[in-house]
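Enquirer: Input file: data-v7.cif. Contents: mmCIF, C-alpha atoms.
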data_model
loop_
_atom_site.label_atom_id
_atom_site.label_comp_id
_atom_site.auth_asym_id
_atom_site.auth_seq_id
_atom_site.Cartn_x
_atom_site.Cartn_y
_atom_site.Cartn_z
CA ASN V 199 -52.32 37.73 4.22
CA ASP V 200 -55.33 35.56 3.36
CA ALA V 201 -56.93 36.95 0.16
CA GLY V 202 -56.50 40.51 1.36
CA THR V 203 -57.43 39.84 4.98
CA MET V 204 -54.60 39.99 7.51
CA ARG V 205 -54.78 37.12 9.98
CA MET V 206 -52.82 36.18 13.10
CA THR V 207 -51.56 32.78 14.19
CA THR V 208 -49.73 31.35 17.18
CA VAL V 209 -46.01 30.74 17.39
CA GLN V 210 -46.78 27.05 18.04
CA THR V 211 -48.68 26.80 14.74
CA VAL V 212 -45.74 28.35 12.88
CA LYS V 213 -43.35 25.93 14.62
CA THR V 214 -45.51 22.94 13.63
CA TYR V 215 -45.63 24.15 10.03
CA MET V 216 -41.87 24.67 9.87
CA ILE V 217 -41.15 21.21 11.31
CA ASP V 218 -43.85 19.18 9.58
CA GLY V 219 -44.53 21.25 6.48
CA VAL V 220 -41.07 22.49 5.61
CA GLY V 221 -38.68 20.83 8.01
CA GLY V 222 -34.97 20.33 7.71
CA LEU V 223 -32.82 17.45 6.59
CA THR V 224 -31.38 16.92 10.08
CA GLU V 225 -33.62 16.41 13.09
CA PHE V 226 -32.75 15.86 16.74
CA VAL V 227 -34.14 12.54 18.03
CA ALA V 228 -32.77 11.79 21.51
CA SER V 229 -30.05 12.48 24.07
CA VAL V 230 -28.68 10.07 26.71
CA ASN V 231 -26.22 10.83 29.52
CA ALA V 232 -23.82 8.16 30.74
CA SER V 233 -23.44 7.66 34.47
CA SER V 234 -21.73 4.36 35.27
CA SER V 235 -23.79 2.91 32.41
CA ALA V 236 -23.11 -0.56 31.00
CA ASN V 237 -24.30 0.69 27.61
CA ILE V 238 -26.36 3.37 25.87
CA SER V 239 -29.13 2.28 23.53
CA PHE V 240 -31.23 4.23 21.03
CA THR V 241 -34.55 2.95 19.69
CA GLY V 242 -35.85 6.12 18.01
CA PHE V 243 -35.28 4.84 14.46
CA ASP V 244 -38.16 5.69 12.10
CA SER V 245 -38.11 4.45 8.50
CA ASN V 246 -41.04 6.73 7.63
CA LYS V 247 -39.01 9.85 8.48
CA TYR V 248 -35.28 9.11 8.17
CA VAL V 249 -32.92 7.45 5.72
CA ARG V 250 -29.83 7.45 7.95
CA TYR V 251 -28.62 8.66 11.35
CA PHE V 252 -25.66 10.14 13.11
CA PHE V 253 -24.69 10.06 16.77
CA VAL V 254 -22.65 12.78 18.46
CA PHE V 255 -20.45 11.55 21.33
CA ASP V 256 -19.53 14.31 23.79
CA ARG V 257 -16.62 13.45 26.12
CA LEU V 258 -17.71 9.84 26.64
CA ILE V 259 -15.28 8.51 29.23
CA PRO V 260 -14.76 4.83 30.14
CA ALA V 261 -14.55 3.59 33.71
CA SER V 262 -11.78 1.23 32.58
CA ASN V 263 -8.77 3.02 31.14
CA GLY V 264 -7.87 1.87 27.63
CA ALA V 265 -11.31 0.56 26.60
CA GLY V 266 -12.40 0.52 22.95
CA ILE V 267 -15.90 1.44 21.76
CA TYR V 268 -18.21 -1.21 20.32
CA CYS V 269 -21.74 -1.20 18.96
CA ARG V 270 -24.41 -3.69 17.97
CA THR V 271 -27.59 -3.27 15.98
CA SER V 272 -31.13 -4.56 16.38
CA SER V 273 -33.96 -5.24 13.95
CA ASN V 274 -36.63 -5.79 16.61
CA GLY V 275 -36.70 -2.36 18.24
CA GLY V 276 -34.00 -3.13 20.80
CA THR V 277 -35.61 -6.20 22.34
CA ALA V 278 -32.38 -8.00 21.42
CA TYR V 279 -29.17 -6.86 19.75
CA ASP V 280 -27.50 -9.01 17.11
CA SER V 281 -24.42 -10.49 18.78
CA GLY V 282 -23.67 -13.72 16.94
CA SER V 283 -20.00 -14.40 16.21
CA ASP V 284 -20.60 -13.86 12.47
CA HIS V 285 -23.06 -10.94 12.47
CA TYR V 286 -20.55 -8.19 11.55
CA HIS V 287 -17.39 -7.50 9.55
CA ALA V 288 -14.90 -4.71 10.04
CA LEU V 289 -14.74 -2.24 7.16
CA GLN V 290 -12.06 -3.32 4.66
CA GLY V 291 -12.09 -6.76 6.24
CA THR V 292 -13.71 -10.19 6.06
CA THR V 293 -13.21 -11.41 9.62
CA ASP V 294 -16.45 -12.33 11.38
CA ALA V 295 -17.22 -10.54 14.64
CA ALA V 296 -19.94 -10.29 17.29
CA GLN V 297 -19.83 -6.47 17.28
CA ILE V 298 -18.63 -3.45 15.32
CA ASP V 299 -15.38 -1.97 16.67
CA LEU V 300 -15.69 1.81 16.34
CA LEU V 301 -12.41 2.86 17.96
CA GLY V 302 -9.45 0.57 18.10
CA GLY V 303 -5.77 1.23 18.67
CA ASN V 304 -4.75 1.45 22.31
CA GLY V 305 -8.20 2.31 23.55
CA THR V 306 -9.79 5.35 25.13
CA GLY V 307 -8.27 7.25 28.05
CA GLY V 308 -10.29 6.99 31.24
CA ASP V 309 -7.80 8.43 33.70
CA THR V 310 -8.62 11.52 35.77
CA GLY V 311 -8.48 14.55 33.51
CA ASP V 312 -8.79 12.58 30.25
CA ASP V 313 -11.24 13.94 27.67
CA GLY V 314 -12.51 10.58 26.45
CA VAL V 315 -14.24 10.39 23.08
CA SER V 316 -15.89 13.22 21.16
CA ILE V 317 -16.76 11.85 17.74
CA ILE V 318 -19.56 11.56 15.20
CA VAL V 319 -20.74 8.05 14.31
CA GLU V 320 -22.77 7.54 11.11
CA VAL V 321 -25.29 4.76 10.50
CA LEU V 322 -25.86 4.25 6.77
CA GLN V 323 -28.70 2.37 5.04
CA PRO V 324 -30.36 1.20 8.27
CA HIS V 325 -33.77 0.61 6.69
CA ASN V 326 -32.61 -0.82 3.36
CA THR V 327 -33.44 -4.52 3.46
CA ASN V 328 -31.50 -5.11 0.22
CA HIS V 329 -28.13 -3.84 1.52
CA PRO V 330 -26.38 -4.33 4.87
CA THR V 331 -26.21 -1.43 7.32
CA SER V 332 -22.78 0.09 7.97
CA VAL V 333 -21.64 2.03 11.03
CA HIS V 334 -18.46 4.11 11.23
CA PRO V 335 -16.87 7.12 12.95
CA SER V 336 -16.61 10.09 10.61
CA GLY V 337 -15.01 12.87 12.61
CA GLY V 338 -14.06 14.27 15.98
CA VAL V 339 -11.24 13.40 18.38
CA TRP V 340 -10.51 10.75 20.95
CA VAL V 341 -7.81 10.32 23.57
CA ASN V 342 -5.51 7.36 23.20
CA THR V 343 -3.75 6.00 26.29
CA THR V 344 -0.38 4.56 25.20
CA PRO V 345 1.15 7.05 24.71
CA LEU V 346 -1.43 9.68 25.63
CA ALA V 347 -2.37 11.42 22.39
CA PHE V 348 -5.35 12.87 20.51
CA TYR V 349 -6.51 11.26 17.28
CA ARG V 350 -9.05 12.16 14.64
CA GLY V 351 -12.27 10.17 14.66
CA ASP V 352 -11.46 9.02 11.11
CA TYR V 353 -7.93 7.90 12.06
CA THR V 354 -6.95 4.49 10.71
CA GLY V 355 -7.04 3.09 14.24
CA SER V 356 -10.78 3.77 14.12
CA LEU V 357 -12.55 0.93 12.47
CA GLY V 358 -16.27 0.79 11.94
CA GLY V 359 -18.00 -2.08 10.24
CA ILE V 360 -20.95 -3.56 8.46
CA ARG V 361 -23.64 -6.10 9.20
CA THR V 362 -23.17 -9.35 7.33
CA ALA V 363 -26.91 -9.55 6.60
CA ALA V 364 -29.35 -6.91 5.41
CA ALA V 365 -32.22 -6.03 7.75
CA ASN V 366 -34.42 -3.13 8.76
CA VAL V 367 -32.18 -1.85 11.56
CA ASN V 368 -34.26 0.08 14.10
CA ALA V 369 -32.08 0.28 17.22
CA ILE V 370 -28.40 0.52 18.16
CA GLN V 371 -26.41 -0.02 21.33
CA PHE V 372 -23.02 1.50 22.18
CA TYR V 373 -20.71 0.15 24.89
CA PHE V 374 -17.06 -0.01 25.90
CA SER V 375 -15.02 -3.16 25.35
CA SER V 376 -14.53 -3.40 29.12
CA GLY V 377 -16.15 -1.68 32.07
CA ASN V 378 -18.91 0.90 32.20
CA MET V 379 -19.38 4.32 30.63
CA ALA V 380 -18.38 6.60 33.51
CA SER V 381 -19.69 9.87 32.08
CA GLY V 382 -20.45 11.77 28.91
CA ASN V 383 -23.34 12.14 26.50
CA ILE V 384 -24.52 10.78 23.16
CA LYS V 385 -27.09 12.58 20.99
CA MET V 386 -28.99 10.98 18.12
CA TYR V 387 -30.01 12.81 14.92
CA GLY V 388 -32.11 11.54 12.04
CA ILE V 389 -31.37 12.48 8.43
CA LYS V 390 -34.33 12.90 6.08
CA ASP V 391 -34.30 12.12 2.38
CA GLY V 392 -33.19 15.24 0.52
CA THR V 393 -35.04 14.45 -2.71
#
Mind turning this structure into structure tokens?

Expert:
Amino acid sequence: NDAGTMRMTTVQTVKTYMIDGVGGLTEFVASVNASSSANISFTGFDSNKYVRYFFVFDRLIPASNGAGIYCRTSSNGGTAYDSGSDHYHALQGTTDAAQIDLLGGNGTGGDTGDDGVSIIVEVLQPHNTNHPTSVHPSGGVWVNTTPLAFYRGDYTGSLGGIRTAAANVNAIQFYFSSGNMASGNIKMYGIKDGT
């Protein structure tokens, strides 16, 4: 109703208004399927839109039984991923590392019939150049191999970690500690500022 005159609009215009004008705090960014993949990388970080991110792993299965899940971050859009021996620390730890260990313990089951990893991984403060970015699993389940058992994604065998230096993180790469990613999917979501 425009000053007493009824007007019509297209569904596409309403969709654009709802996304750009109103929007939601969580927004889908990208989805990548694994198929004998060495790694899965995401470069859809946008400091003008999002303040943090989460990644949903759906039955990500390793080619090598018992593999852990690692990640590395990038501050140059994924051209290179920080992998120096002192670029990361485990949460609650001070030991230098070349990657963040997201799932430790006995590793992830990759045998026939195993369900692999279905977890949520959060990336906090990626664009804050005054504080280091942290990455950690926050929920879900994963299949351990010895003995075969299901664990929560926030189980103490799940680690997570933090960069040792602050930077504008704008890409992330996930990979198994050994072998390829046989199958599964990871989806990326951006979280907007709620203020």

Enquirer: Just the residues within 7 Å of region 249-254 of chain V, please, counting all atoms listed in the file, with nothing from its chain fewer than 2 positions along; format it as a list of chain:residue names.

Expert: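 Returned residues: V:Ser245, V:Asp256, V:Ile317, V:Ile318, V:Val319, V:Glu320, V:Val321, V:Leu322, V:Gln323, V:Pro324, V:His325, V:Ile384, V:Lys385, V:Met386, V:Tyr387, V:Gly388, V:Ile389, V:Lys390, V:Asp391.
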
Enquirer: Name the closest residue to Met379 (chain V) among the candidates V:Ser235, V:Asp280, V:Val333, V:Glu225; distances are taken between atoms, counting all atoms listed in the file.

Expert: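 Residue with the minimum atom-to-atom distance to Met379 (chain V): V:Ser235.
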
Enquirer: Rank nothing, just name the residue among V:Cys269, V:Val315, V:Ala261, V:Ala363 nearest to Asp284 (chain V), using all atoms listed in the file.

Expert: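 For Asp284 (chain V), the nearest of the given residues is V:Ala363.
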
Enquirer: Compile the contact shell of region 288-298 of chain V as a PyMOL selection string: residues with an atom at most 12 Å away, counting only C-alpha atoms, same-chain residues fewer than 4 positions apart removed.

Expert: chain V and resi 266-272+279-284+302+319+321+331-335+354-363+370-375

Enquirer: CA of Phe226 (chain V) and CA of Ala365 (chain V) are how many Å apart?

Expert: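 Computing it gives 23.7 Å between the two atoms.
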
Enquirer: Measuring between all atoms listed in the file, which one of V:Asn366, V:Ser273, V:Thr306, V:Asn383 shows the shortest distance to Ser234 (chain V)?

Expert: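 So, comparing all the options, the nearest one is V:Asn383.
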
Enquirer: CA of Gly377 (chain V) and CA of Ala265 (chain V) are how many Å apart?

Expert: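 Separating CA of Gly377 (chain V) from CA of Ala265 (chain V) is a distance of 7.6 Å.
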
Enquirer: Quote the spacing between CA of Leu258 (chain V) and CA of Leu301 (chain V) in Å to one decimal place.

Expert: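 One can read the CA of Leu258 (chain V) to CA of Leu301 (chain V) distance as 12.3 Å.
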
Enquirer: Calculated over only C-alpha atoms, which of the candidates V:Ser316, V:Thr207, V:Asn274, V:Thr224 has the smallest distance to Gly382 (chain V)?

Expert: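 Nearest to Gly382 (chain V): V:Ser316.
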
Enquirer: Which is closest to Ser233 (chain V) among V:Met204, V:Pro260, V:Asn368, V:Phe255, if we use all atoms listed in the file?

Expert: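 So, comparing all the options, the nearest one is V:Pro260.
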
Enquirer: Please determine, counting all atoms listed in the file, which residue among V:Thr277, V:Ser381, V:Thr327, V:Thr241 has the shortest atom-to-atom distance to Ala228 (chain V).

Expert: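 Closest residue, counting all atoms listed in the file: V:Thr241.
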